[in-house]
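File shown: model-v8.txt. Contents: compact mmCIF, C-alpha atoms.
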```
# COMPACT_ATOMS: atom_id res chain seq x y z
CA MET A 1 107.58 -0.24 76.61
CA THR A 2 106.07 -2.60 79.19
CA ASP A 3 107.58 -5.93 80.18
CA GLU A 4 104.78 -7.75 78.42
CA CYS A 5 105.15 -6.14 75.01
CA HIS A 6 108.61 -7.19 73.94
CA GLY A 7 110.81 -10.23 73.83
CA PHE A 8 109.31 -13.63 74.56
CA LEU A 9 106.06 -12.34 76.00
CA GLY A 10 105.62 -9.89 73.15
CA ALA A 11 105.64 -12.78 70.70
CA LEU A 12 102.59 -14.36 72.34
CA ALA A 13 99.01 -13.33 71.55
CA PRO A 14 97.53 -11.26 74.41
CA ASP A 15 95.18 -14.00 75.66
CA HIS A 16 97.94 -16.62 75.77
CA ARG A 17 100.32 -14.11 77.36
CA THR A 18 97.81 -13.32 80.07
CA ARG A 19 97.19 -16.99 80.74
CA LEU A 20 100.90 -17.81 80.87
CA LEU A 21 101.51 -15.02 83.36
CA THR A 22 98.91 -16.52 85.73
CA PHE A 23 101.44 -19.28 86.40
CA SER A 24 104.15 -16.83 87.40
CA HIS A 25 105.22 -14.72 90.31
CA GLU A 26 107.75 -11.92 90.35
CA THR A 27 111.16 -12.58 91.77
CA ALA A 28 114.37 -10.66 92.40
CA LEU A 29 117.71 -12.40 91.96
CA PRO A 30 120.84 -10.72 93.37
CA ALA A 31 124.06 -10.69 91.37
CA GLY A 32 125.99 -13.92 91.83
CA THR A 33 122.94 -16.12 92.44
CA ARG A 34 123.27 -19.61 90.94
CA ILE A 35 119.85 -20.16 89.39
CA PHE A 36 120.33 -23.71 88.18
CA GLU A 37 123.05 -26.22 87.46
CA GLU A 38 123.73 -28.35 84.44
CA ASP A 39 121.76 -31.63 84.56
CA GLY A 40 119.58 -30.36 87.39
CA GLU A 41 115.83 -30.90 87.24
CA ALA A 42 114.12 -28.25 85.10
CA HIS A 43 111.03 -27.63 87.20
CA ARG A 44 111.00 -23.83 86.83
CA PHE A 45 111.74 -21.24 84.20
CA TRP A 46 111.99 -17.47 84.04
CA ILE A 47 111.28 -14.54 81.76
CA LEU A 48 113.74 -11.78 82.55
CA ARG A 49 112.46 -8.25 83.12
CA THR A 50 115.72 -6.51 83.98
CA GLY A 51 119.33 -7.53 84.63
CA ARG A 52 121.64 -10.05 83.00
CA VAL A 53 122.03 -13.80 83.41
CA ALA A 54 124.93 -15.88 82.11
CA LEU A 55 124.51 -19.39 80.75
CA ASP A 56 127.61 -21.45 81.46
CA VAL A 57 129.28 -24.82 81.20
CA HIS A 58 131.68 -26.23 83.74
CA THR A 59 134.68 -28.00 82.29
CA PRO A 60 136.84 -30.01 84.71
CA GLY A 61 140.31 -28.54 84.89
CA ARG A 62 139.27 -25.43 83.01
CA GLY A 63 136.61 -23.85 85.14
CA THR A 64 133.34 -22.33 84.04
CA ASP A 65 132.91 -20.86 80.56
CA VAL A 66 130.10 -18.42 79.82
CA VAL A 67 128.53 -19.38 76.50
CA GLU A 68 125.81 -16.75 76.28
CA THR A 69 124.14 -13.99 78.26
CA LEU A 70 120.44 -13.22 78.44
CA GLY A 71 118.69 -9.99 79.29
CA SER A 72 115.41 -8.14 79.40
CA GLY A 73 112.50 -9.91 77.74
CA GLU A 74 114.34 -13.17 77.19
CA LEU A 75 113.31 -16.65 78.24
CA LEU A 76 115.64 -18.30 80.70
CA GLY A 77 115.32 -22.03 80.29
CA TRP A 78 113.53 -24.23 77.79
CA SER A 79 114.55 -27.66 79.05
CA TRP A 80 111.42 -27.62 81.24
CA LEU A 81 109.31 -28.13 78.07
CA PHE A 82 111.01 -31.25 76.73
CA GLU A 83 111.85 -34.55 78.34
CA PRO A 84 113.90 -35.45 80.27
CA TYR A 85 113.31 -31.99 81.81
CA ARG A 86 116.92 -31.47 82.82
CA TRP A 87 119.07 -28.37 82.26
CA HIS A 88 121.68 -28.47 79.53
CA LEU A 89 123.64 -25.56 81.01
CA GLY A 90 124.11 -23.73 84.27
CA ALA A 91 122.85 -20.20 84.91
CA GLN A 92 124.17 -17.44 87.12
CA VAL A 93 123.00 -13.89 87.68
CA LEU A 94 125.55 -11.39 86.36
CA HIS A 95 123.70 -8.20 87.22
CA ALA A 96 120.82 -7.98 89.71
CA THR A 97 117.79 -9.34 87.93
CA ARG A 98 114.04 -9.10 88.21
CA ALA A 99 112.06 -11.82 86.51
CA TYR A 100 108.78 -13.63 86.19
CA GLU A 101 109.30 -17.09 87.64
CA PHE A 102 107.08 -19.93 86.43
CA ASP A 103 106.23 -23.31 87.85
CA ALA A 104 107.02 -25.67 84.98
CA HIS A 105 104.68 -28.44 86.20
CA GLU A 106 101.71 -26.08 86.12
CA VAL A 107 102.57 -24.72 82.69
CA ARG A 108 103.10 -28.20 81.26
CA ALA A 109 99.75 -29.29 82.66
CA ALA A 110 98.04 -26.27 81.04
CA ILE A 111 99.76 -27.04 77.74
CA GLU A 112 98.42 -30.62 77.83
CA GLU A 113 94.96 -29.46 78.75
CA ASP A 114 94.62 -26.63 76.18
CA PRO A 115 96.17 -27.49 72.79
CA ALA A 116 95.77 -23.96 71.42
CA PHE A 117 97.63 -22.51 74.38
CA GLY A 118 100.14 -25.34 74.20
CA LEU A 119 100.83 -24.78 70.52
CA ALA A 120 101.28 -21.04 71.04
CA VAL A 121 103.73 -21.49 73.92
CA THR A 122 105.64 -24.27 72.18
CA ARG A 123 105.91 -22.26 68.96
CA CYS A 124 107.13 -19.28 70.91
CA VAL A 125 109.76 -21.29 72.75
CA ALA A 126 110.87 -22.88 69.47
CA SER A 127 111.10 -19.69 67.44
CA VAL A 128 111.95 -16.94 69.90
CA ALA A 129 114.23 -18.87 72.19
CA ILE A 130 115.57 -22.01 70.52
CA GLY A 131 115.54 -20.81 66.91
CA ARG A 132 117.19 -17.48 67.56
CA ARG A 133 119.81 -18.97 69.81
CA LEU A 134 120.55 -21.71 67.30
CA LYS A 135 121.06 -19.10 64.59
CA ALA A 136 123.29 -17.09 66.88
CA SER A 137 125.30 -20.16 67.86
CA ARG A 138 125.83 -21.09 64.22
CA MET A 139 127.10 -17.60 63.48
CA ARG A 140 129.51 -17.81 66.36
CA LEU A 141 130.73 -21.19 65.13
CA LEU A 142 132.00 -19.37 62.05
CA ASP A 143 134.31 -17.30 64.28
CA LEU A 144 133.59 -14.33 62.03
CA TYR A 145 135.94 -11.95 63.78
CA GLY A 146 138.77 -14.45 64.04
CA PRO A 147 141.93 -14.62 61.94
CA PRO A 148 140.74 -14.72 58.35
CA GLY A 149 143.47 -17.01 57.03
CA ALA A 150 141.40 -20.12 56.53
CA ARG A 151 138.22 -18.28 55.70
CA ALA A 152 138.89 -15.42 53.30
CA ALA A 153 141.08 -14.71 50.36
CA PRO A 154 143.98 -12.36 50.96
CA GLY A 155 143.43 -8.75 50.10
CA GLY A 156 139.80 -7.90 50.47
CA GLY A 157 138.03 -4.61 50.76
CA PRO A 158 138.51 -1.60 52.94
CA ARG A 159 138.35 -2.12 56.70
CA MET B 160 118.62 0.54 39.42
CA ASN B 161 118.55 2.39 42.70
CA ALA B 162 121.13 5.01 43.37
CA PRO B 163 123.05 4.52 46.60
CA ALA B 164 121.33 6.35 49.46
CA VAL B 165 124.48 8.02 50.59
CA ALA B 166 125.58 11.57 51.00
CA ALA B 167 128.96 11.17 49.41
CA GLY B 168 128.29 9.86 45.93
CA PRO B 169 130.32 7.42 43.89
CA SER B 170 133.75 8.61 42.94
CA ALA B 171 135.98 7.29 40.21
CA ARG B 172 139.21 9.17 40.49
CA PRO B 173 141.96 8.85 37.93
CA ALA B 174 144.74 6.52 38.93
CA GLY B 175 147.21 9.20 39.97
CA PRO B 176 150.37 8.50 41.86
CA PRO B 177 150.14 8.08 45.60
CA LEU B 178 150.97 11.13 47.66
CA PRO B 179 153.44 10.83 50.52
CA TYR B 180 151.95 10.92 54.01
CA ARG B 181 153.97 10.80 57.20
CA VAL B 182 152.99 8.53 60.07
CA GLU B 183 152.35 10.96 62.91
CA ALA B 184 151.15 8.47 65.49
CA ARG B 185 150.53 4.79 65.92
CA THR B 186 148.49 3.10 68.61
CA VAL B 187 147.89 -0.59 69.17
CA ASP B 188 144.18 -1.34 69.57
CA ALA B 189 144.34 -5.11 69.80
CA PRO B 190 147.05 -7.74 69.37
CA ASP B 191 146.74 -7.66 65.57
CA VAL B 192 145.17 -4.23 65.08
CA ALA B 193 146.84 -0.81 65.04
CA THR B 194 145.64 2.68 64.23
CA ILE B 195 147.93 4.99 62.29
CA VAL B 196 147.51 8.73 61.94
CA LEU B 197 148.79 10.15 58.65
CA GLU B 198 149.74 13.74 57.88
CA PRO B 199 150.44 14.90 54.32
CA ALA B 200 154.16 15.32 53.72
CA GLY B 201 153.34 17.80 50.96
CA GLU B 202 150.23 18.15 48.87
CA ALA B 203 147.10 16.78 50.56
CA LEU B 204 144.44 14.63 48.97
CA PRO B 205 140.89 15.99 48.69
CA ARG B 206 138.86 15.67 51.87
CA PHE B 207 137.52 12.19 52.62
CA ALA B 208 133.95 11.52 53.70
CA PRO B 209 133.15 8.96 56.43
CA GLY B 210 132.87 5.54 54.80
CA GLN B 211 135.19 6.29 51.91
CA PHE B 212 138.53 4.57 51.62
CA ALA B 213 142.10 5.18 50.54
CA MET B 214 144.60 2.92 48.84
CA VAL B 215 147.51 2.99 51.27
CA TYR B 216 150.98 1.93 50.13
CA ALA B 217 153.59 0.35 52.29
CA PHE B 218 156.56 1.06 50.05
CA GLY B 219 158.25 -2.10 48.98
CA ALA B 220 155.25 -4.22 49.87
CA GLY B 221 152.24 -2.86 47.97
CA ASP B 222 148.94 -1.15 48.63
CA ILE B 223 145.65 -2.12 50.23
CA PRO B 224 142.30 -0.37 50.65
CA LEU B 225 141.73 1.09 54.11
CA SER B 226 138.67 2.99 55.27
CA VAL B 227 139.19 6.17 57.18
CA SER B 228 138.52 5.74 60.87
CA SER B 229 138.95 9.44 61.59
CA ILE B 230 139.17 12.59 59.48
CA GLU B 231 140.55 15.80 60.95
CA GLY B 232 141.43 18.41 58.37
CA ASP B 233 144.03 16.92 56.03
CA ARG B 234 144.93 14.31 58.62
CA LEU B 235 143.76 10.77 57.92
CA THR B 236 143.47 7.96 60.41
CA HIS B 237 143.31 4.32 59.40
CA THR B 238 142.85 1.26 61.55
CA VAL B 239 144.60 -1.74 60.05
CA ARG B 240 144.50 -5.39 60.95
CA ALA B 241 147.62 -7.43 60.24
CA VAL B 242 146.38 -10.12 57.93
CA GLY B 243 148.73 -10.31 54.93
CA ALA B 244 152.14 -8.99 53.93
CA ILE B 245 150.99 -5.44 53.16
CA SER B 246 148.69 -5.03 56.12
CA ARG B 247 151.41 -6.43 58.39
CA ALA B 248 153.82 -3.82 57.00
CA LEU B 249 151.33 -1.01 57.63
CA HIS B 250 150.40 -2.41 61.03
CA GLY B 251 154.05 -2.44 62.00
CA THR B 252 154.98 0.96 60.59
CA ARG B 253 156.60 3.45 62.92
CA THR B 254 156.07 7.12 63.68
CA GLY B 255 158.02 9.31 61.25
CA ARG B 256 157.94 6.87 58.39
CA THR B 257 156.27 7.66 55.08
CA VAL B 258 153.50 5.77 53.30
CA GLY B 259 151.76 6.51 50.02
CA VAL B 260 148.07 7.33 49.85
CA ARG B 261 145.59 7.55 46.97
CA GLY B 262 141.97 8.55 47.29
CA PRO B 263 139.34 9.31 48.36
CA PHE B 264 137.52 6.40 46.78
CA GLY B 265 134.01 5.10 46.87
CA THR B 266 130.79 6.09 48.54
CA GLY B 267 130.34 7.28 52.11
CA TRP B 268 127.80 6.87 54.87
CA GLY B 269 124.64 8.94 54.48
CA LEU B 270 124.70 10.60 57.86
CA GLY B 271 123.75 13.91 56.27
CA ALA B 272 120.53 12.36 54.95
CA SER B 273 119.56 11.17 58.44
CA VAL B 274 118.86 14.46 60.17
CA GLY B 275 116.13 14.06 62.78
CA ARG B 276 116.23 10.27 62.62
CA ASP B 277 117.32 7.75 65.23
CA LEU B 278 120.71 6.29 64.38
CA LEU B 279 121.68 2.67 64.78
CA VAL B 280 125.34 1.80 64.27
CA VAL B 281 125.98 -1.94 64.13
CA ALA B 282 129.63 -2.97 64.00
CA GLY B 283 131.32 -6.34 64.01
CA GLY B 284 135.05 -6.71 64.64
CA ILE B 285 137.15 -4.21 62.72
CA GLY B 286 133.95 -3.02 61.05
CA LEU B 287 133.80 -0.44 63.83
CA ALA B 288 136.69 1.45 62.17
CA PRO B 289 134.78 2.87 59.18
CA LEU B 290 131.80 3.59 61.44
CA ARG B 291 133.76 5.61 63.97
CA PRO B 292 133.42 8.84 61.95
CA VAL B 293 129.65 8.32 61.87
CA VAL B 294 129.48 8.13 65.65
CA ARG B 295 131.80 11.08 66.06
CA GLY B 296 129.83 13.08 63.51
CA ALA B 297 126.54 12.38 65.26
CA LEU B 298 127.95 13.25 68.69
CA ALA B 299 129.46 16.45 67.33
CA ALA B 300 126.02 17.69 66.33
CA PRO B 301 123.79 17.20 69.38
CA GLY B 302 120.14 17.77 68.58
CA ARG B 303 120.63 17.20 64.88
CA TYR B 304 119.79 13.50 65.12
CA GLY B 305 117.52 11.35 67.23
CA ARG B 306 118.78 8.68 69.58
CA LEU B 307 122.21 7.22 68.85
CA ASN B 308 122.72 3.49 69.42
CA VAL B 309 126.11 1.88 68.89
CA LEU B 310 126.08 -1.92 68.94
CA ILE B 311 129.49 -3.56 68.89
CA GLY B 312 130.42 -7.21 68.47
CA ALA B 313 133.97 -8.38 69.16
CA ARG B 314 135.68 -11.73 69.30
CA THR B 315 137.09 -11.31 72.80
CA PRO B 316 137.20 -8.46 75.33
CA GLY B 317 140.81 -7.81 74.27
CA ASP B 318 139.76 -7.40 70.64
CA ARG B 319 137.45 -4.46 71.31
CA LEU B 320 138.48 -1.39 69.34
CA TYR B 321 138.68 2.11 70.80
CA ALA B 322 137.58 0.85 74.22
CA HIS B 323 138.40 4.14 75.93
CA GLU B 324 136.70 6.19 73.24
CA THR B 325 133.52 4.10 73.34
CA ASN B 326 133.24 4.97 77.03
CA ASN B 327 133.40 8.62 76.02
CA TRP B 328 130.62 8.03 73.49
CA ARG B 329 128.50 6.61 76.28
CA GLU B 330 129.17 9.61 78.48
CA ALA B 331 128.27 11.89 75.58
CA GLY B 332 124.82 10.35 75.38
CA ALA B 333 125.11 7.43 72.98
CA ARG B 334 123.67 4.08 73.97
CA VAL B 335 126.74 1.87 73.52
CA LEU B 336 126.34 -1.87 73.92
CA THR B 337 129.13 -4.38 73.44
CA THR B 338 129.04 -8.14 73.20
CA VAL B 339 131.82 -10.67 72.73
CA ASP B 340 131.91 -14.15 71.27
CA ARG B 341 134.51 -15.47 73.67
CA PRO B 342 134.60 -13.95 77.15
CA ASP B 343 137.61 -14.20 79.39
CA GLY B 344 137.53 -14.65 83.13
CA GLY B 345 137.10 -10.99 83.95
CA TRP B 346 134.36 -10.17 81.47
CA THR B 347 130.95 -9.54 83.02
CA GLY B 348 129.33 -8.01 79.94
CA ASP B 349 127.28 -9.54 77.18
CA VAL B 350 128.19 -12.76 75.41
CA GLY B 351 126.63 -13.54 72.06
CA VAL B 352 126.27 -12.20 68.54
CA VAL B 353 125.83 -8.49 67.93
CA THR B 354 122.27 -8.86 66.63
CA THR B 355 121.10 -9.94 70.09
CA LEU B 356 121.85 -6.39 71.26
CA LEU B 357 119.07 -5.05 69.05
CA ASP B 358 116.55 -6.01 71.73
CA ARG B 359 118.10 -3.38 74.00
CA ALA B 360 118.65 -0.64 71.46
CA VAL B 361 116.22 2.26 71.69
CA PHE B 362 114.93 3.34 68.30
CA ASP B 363 111.77 3.92 66.32
CA PRO B 364 112.14 1.65 63.27
CA PRO B 365 110.29 3.77 60.68
CA HIS B 366 112.35 6.78 61.72
CA THR B 367 115.73 5.12 62.02
CA THR B 368 118.76 4.88 59.77
CA ALA B 369 121.09 1.95 60.36
CA PHE B 370 124.78 1.82 59.45
CA VAL B 371 126.16 -1.71 59.40
CA CYS B 372 129.72 -2.91 58.88
CA GLY B 373 131.48 -6.17 59.64
CA PRO B 374 131.84 -9.63 58.18
CA GLU B 375 129.29 -10.17 55.44
CA VAL B 376 127.50 -12.97 57.29
CA MET B 377 126.99 -10.55 60.17
CA ILE B 378 125.84 -7.81 57.81
CA ARG B 379 123.21 -10.12 56.29
CA ALA B 380 121.97 -11.25 59.68
CA ALA B 381 121.78 -7.70 60.99
CA ALA B 382 120.09 -6.27 57.91
CA ARG B 383 117.49 -9.04 57.82
CA GLU B 384 116.77 -8.59 61.51
CA LEU B 385 116.42 -4.84 61.02
CA THR B 386 114.00 -5.20 58.11
CA HIS B 387 112.04 -7.69 60.22
CA ARG B 388 111.82 -5.00 62.89
CA GLY B 389 110.45 -2.46 60.43
CA LEU B 390 113.40 -0.53 59.01
CA GLY B 391 113.07 0.22 55.32
CA PRO B 392 115.79 -1.47 53.24
CA ASP B 393 116.68 1.94 51.83
CA ARG B 394 117.39 3.08 55.38
CA ILE B 395 119.89 0.36 56.10
CA GLU B 396 123.35 1.20 54.81
CA VAL B 397 125.98 -1.51 54.67
CA SER B 398 129.66 -1.46 53.76
CA LEU B 399 130.68 -4.40 51.60
CA GLU B 400 134.12 -5.67 50.78
CA ARG B 401 135.56 -7.48 47.82
CA THR B 402 139.14 -7.57 46.61
CA MET B 403 139.96 -4.02 45.55
CA HIS B 404 142.94 -3.18 43.44
CA CYS B 405 142.86 -0.03 41.32
CA GLY B 406 140.32 1.96 43.33
CA THR B 407 139.20 3.70 40.18
CA GLY B 408 136.59 1.37 38.75
CA HIS B 409 138.78 0.10 35.94
CA CYS B 410 140.34 -3.22 36.87
CA GLY B 411 137.16 -5.05 37.85
CA HIS B 412 138.66 -6.94 40.81
CA CYS B 413 135.91 -5.66 43.10
CA GLN B 414 133.01 -6.36 40.76
CA LEU B 415 129.88 -7.56 42.53
CA GLY B 416 127.34 -8.23 39.80
CA PRO B 417 126.62 -4.90 38.16
CA VAL B 418 128.46 -2.99 40.87
CA LEU B 419 132.10 -2.04 41.10
CA LEU B 420 132.48 -1.69 44.84
CA CYS B 421 135.48 0.65 44.71
CA ARG B 422 133.40 3.11 42.72
CA ASP B 423 129.73 2.37 43.47
CA GLY B 424 130.42 1.15 47.02
CA PRO B 425 131.67 0.21 49.51
CA VAL B 426 128.58 1.75 51.13
CA LEU B 427 125.33 0.60 49.57
CA ASP B 428 121.81 0.60 50.89
CA TRP B 429 120.30 -2.78 51.67
CA ALA B 430 117.65 -2.34 48.97
CA ARG B 431 120.48 -2.64 46.51
CA ALA B 432 122.91 -4.83 48.41
CA GLU B 433 120.51 -7.60 49.41
CA ARG B 434 120.17 -8.96 45.89
CA LEU B 435 123.92 -8.90 45.42
CA VAL B 436 125.01 -10.67 48.58
CA SER B 437 122.35 -13.36 48.25
CA VAL B 438 123.89 -14.73 45.03
CA PRO B 439 126.54 -17.30 45.97
CA GLU B 440 128.27 -17.00 42.58
CA LEU B 441 129.01 -13.33 43.32
```
Take the structure in this file and express it as structure tokens.
Amino acid sequence: MTDECHGFLGALAPDHRTRLLTFSHETALPAGTRIFEEDGEAHRFWILRTGRVALDVHTPGRGTDVVETLGSGELLGWSWLFEPYRWHLGAQVLHATRAYEFDAHEVRAAIEEDPAFGLAVTRCVASVAIGRRLKASRMRLLDLYGPPGARAAPGGGPR
Amino acid sequence: MNAPAVAAGPSARPAGPPLPYRVEARTVDAPDVATIVLEPAGEALPRFAPGQFAMVYAFGAGDIPLSVSSIEGDRLTHTVRAVGAISRALHGTRTGRTVGVRGPFGTGWGLGASVGRDLLVVAGGIGLAPLRPVVRGALAAPGRYGRLNVLIGARTPGDRLYAHETNNWREAGARVLTTVDRPDGGWTGDVGVVTTLLDRAVFDPPHTTAFVCGPEVMIRAAARELTHRGLGPDRIEVSLERTMHCGTGHCGHCQLGPVLLCRDGPVLDWARAERLVSVPEL
């Protein structure tokens, strides 16, 4: 399977995918690299080809908590698409990563200029990245694997 | 109505007395989870199939349904999470003590009907326990099945079951991926729900059988994602749980619409299960 045929890029029609990739260059990010910080300006974004990146939140007095990890095919960053164009989370490379890196200003300009392209990219960001992660976050809010006391009746089926 | 697509068909055994089994070994898998190995103290029960369950008695406390997490001859292994009075008693039992066992009950996983197909095992939390025999069975017959993917979701790194054994599965050729909901400081693996691991599993959807077990919300999410990716609903097997009591299909405690899960389940294919778990009143 090629990089372009799965994940975020795979959800785009071939012509839009090709156009989006014209705004990118390939980059390699060593393990431990801080890619961006919470509240920093979101002027770039990435589509991961290999490796793992952790999204995190720094809490004073508690340190940094990883809230999610991203891997091959996934979009790293969507704050670049919506004002005020600032990151909600921090990001750090867990395992050496190769990625397509995009200039957000150029992509935003292309989205404004070409509504069909803009709609395709925005839909893709909304469904593949935001929608899926929202669903996943809601599932995790349920703490499904946690102590069942408050959630399930005693007894239950075989486990 | 569809028949369950499983190798071990429904069983409704008479409600005989429990047979005594001796606790041969006990290991602690997680703070509230232990695995107990049981050896018949006398007469043995009929052989269990992966996915089936036993009613296990902690004398003086009561009995609960427990899936088999390993089957070796007459020896049964159960992984139990301390949740209520009975499961706490079984979780805390000691080597040499005796428990009562009835079974085997219910339907099993259809591994035998998946020869030549890619296998996708999706487990959440203690749902890995009933799936362990599937993984072991597939690894014990190299060449009989296609690619084996084992996707595991756990609450924290410390809650992962059979951590040492899953490394062995990886070394034996399975693609084993684990994700946790709540990482600790030393965890450098995946963080997120188990369905996100599907992107990295290697399988050919039309030629794949999936085995899914875990909390029902997770089962629904996984099964829907798998059908979206092209697996036939009759090729997705799920293990459901409801309150089980008699194990023989008589008391009705485990009724799920037209299904008595102790007899017709716990393993059902998604073609049948989807309609049942989408009705809130059930």
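One distance worth recording is that between CA of His404 (chain B) and CA of Arg295 (chain B), which is 29.0 Å.
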Practice task
Tell me, as a PyMOL selection string, which residues lie within 12 Å of Arg123 (chain A), counting only C-alpha atoms; anything in the same chain fewer than 5 positions away does not count.
Solution key: chain A and resi 8+11-13+16+78+81+111+115-118+128-131
Can you work out which residues from chain B touch chain A at a cut-off of 6 Å (counting only C-alpha atoms) and hand them back as a PDB file with C-alpha atoms, in the frame of the given file?
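Everything below was put into selection.pdb:
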```pdb
ATOM      1  CA  PRO B 224     142.300  -0.370  50.650  1.00  0.00           C
ATOM      2  CA  LEU B 225     141.730   1.090  54.110  1.00  0.00           C
ATOM      3  CA  SER B 226     138.670   2.990  55.270  1.00  0.00           C
ATOM      4  CA  GLY B 284     135.050  -6.710  64.640  1.00  0.00           C
ATOM      5  CA  ARG B 314     135.680 -11.730  69.300  1.00  0.00           C
ATOM      6  CA  ASP B 349     127.280  -9.540  77.180  1.00  0.00           C
ATOM      7  CA  VAL B 350     128.190 -12.760  75.410  1.00  0.00           C
ATOM      8  CA  GLY B 351     126.630 -13.540  72.060  1.00  0.00           C
ATOM      9  CA  VAL B 352     126.270 -12.200  68.540  1.00  0.00           C
ATOM     10  CA  GLU B 400     134.120  -5.670  50.780  1.00  0.00           C
ATOM     11  CA  ARG B 401     135.560  -7.480  47.820  1.00  0.00           C
ATOM     12  CA  THR B 402     139.140  -7.570  46.610  1.00  0.00           C
ATOM     13  CA  MET B 403     139.960  -4.020  45.550  1.00  0.00           C
TER      14      MET B 403
END
```
Fill in the blank from the handout: re CA of Glu37 (chain A) and CA of Arg341 (chain B): distance 20.9 Å
Practice task
Fewer than 2 positions away in the same chain doesn't count, so skip those; otherwise give me all residues within 9 Å of Ser79 (chain A), counting all atoms listed in the file, as number ranges by chain.
Solution key: A: 41-43, 45, 77, 81-88
Can you write just those residues out, C-alpha atoms, as a CSV table (one decimal), keeping the file's coordinate frame?
```
chain,number,residue,atom,x,y,z
A,41,GLU,CA,115.8,-30.9,87.2
A,42,ALA,CA,114.1,-28.2,85.1
A,43,HIS,CA,111.0,-27.6,87.2
A,45,PHE,CA,111.7,-21.2,84.2
A,77,GLY,CA,115.3,-22.0,80.3
A,81,LEU,CA,109.3,-28.1,78.1
A,82,PHE,CA,111.0,-31.2,76.7
A,83,GLU,CA,111.8,-34.6,78.3
A,84,PRO,CA,113.9,-35.4,80.3
A,85,TYR,CA,113.3,-32.0,81.8
A,86,ARG,CA,116.9,-31.5,82.8
A,87,TRP,CA,119.1,-28.4,82.3
A,88,HIS,CA,121.7,-28.5,79.5
```
Practice task
Extract, using all atoms listed in the file, all DNA, RNA and protein residues at most 12 Å from Ala241 (chain B), discarding same-chain residues fewer than 2 positions from it, and format them as a ChimeraX atom specification.
Solution key: /A:146-149,154-155,159 /B:187-194,223,238-239,243-252,285
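Here CA of Leu310 (chain B) and CA of Leu279 (chain B) stand 7.6 Å from one another.
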Problem - Within 9 Å of Val107 (chain A) using only C-alpha atoms, minus same-chain residues under 3 positions, as a VMD selection string - result: chain A and resid 20 23 81 102 to 104 110 to 112 118
Problem - Sphere at (129.9, -6.7, 41.4), radius 12 Å, counting all atoms listed in the file: residues as a VMD selection string - result: chain B and resid 399 to 403 408 410 to 425 427 431 to 432 434 to 436 438 440 to 441
Exercise for the section: Determine, counting all atoms listed in the file, which protein, DNA and RNA residues have an atom within 9 Å of an atom of Leu290 (chain B); residues of the same chain fewer than 5 positions away are not included. Present the result as an MDAnalysis selection string. Expected result: chainID B and resid 209:210 227:228 268 280:282 295 370:372
Problem - Best match for closeness to Ala297 (chain B) among B:Thr355, B:Thr325, B:Ser273, B:Thr257, counting only C-alpha atoms - result: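 Ranking B:Thr355, B:Thr325, B:Ser273, B:Thr257 by distance to Ala297 (chain B), first place goes to B:Ser273.
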Practice task
Please return, as a VMD selection string, all polymer residues that have at least one atom within 12 Å of the point (120.4, -13.5, 92.8); use all atoms listed in the file and the file's own coordinate frame.
Solution key: chain A and resid 27 to 36 51 to 54 91 to 99
Exercise for the section: Could you tell me which of B:Val361, B:Val215, B:Ala272, B:Val258 comes closest to Glu183 (chain B) if we count only C-alpha atoms? Expected result: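 The closest residue to Glu183 (chain B) is B:Val258.
The closest residue to Arg334 (chain B), picked from B:Gln211, B:Thr254, B:Asn308, B:Thr236 and counting all atoms listed in the file, is B:Asn308.
Among the candidates B:Gly283, B:Ala299, B:Pro374, B:Arg379, the one nearest to Leu356 (chain B) when counting only C-alpha atoms is B:Gly283.
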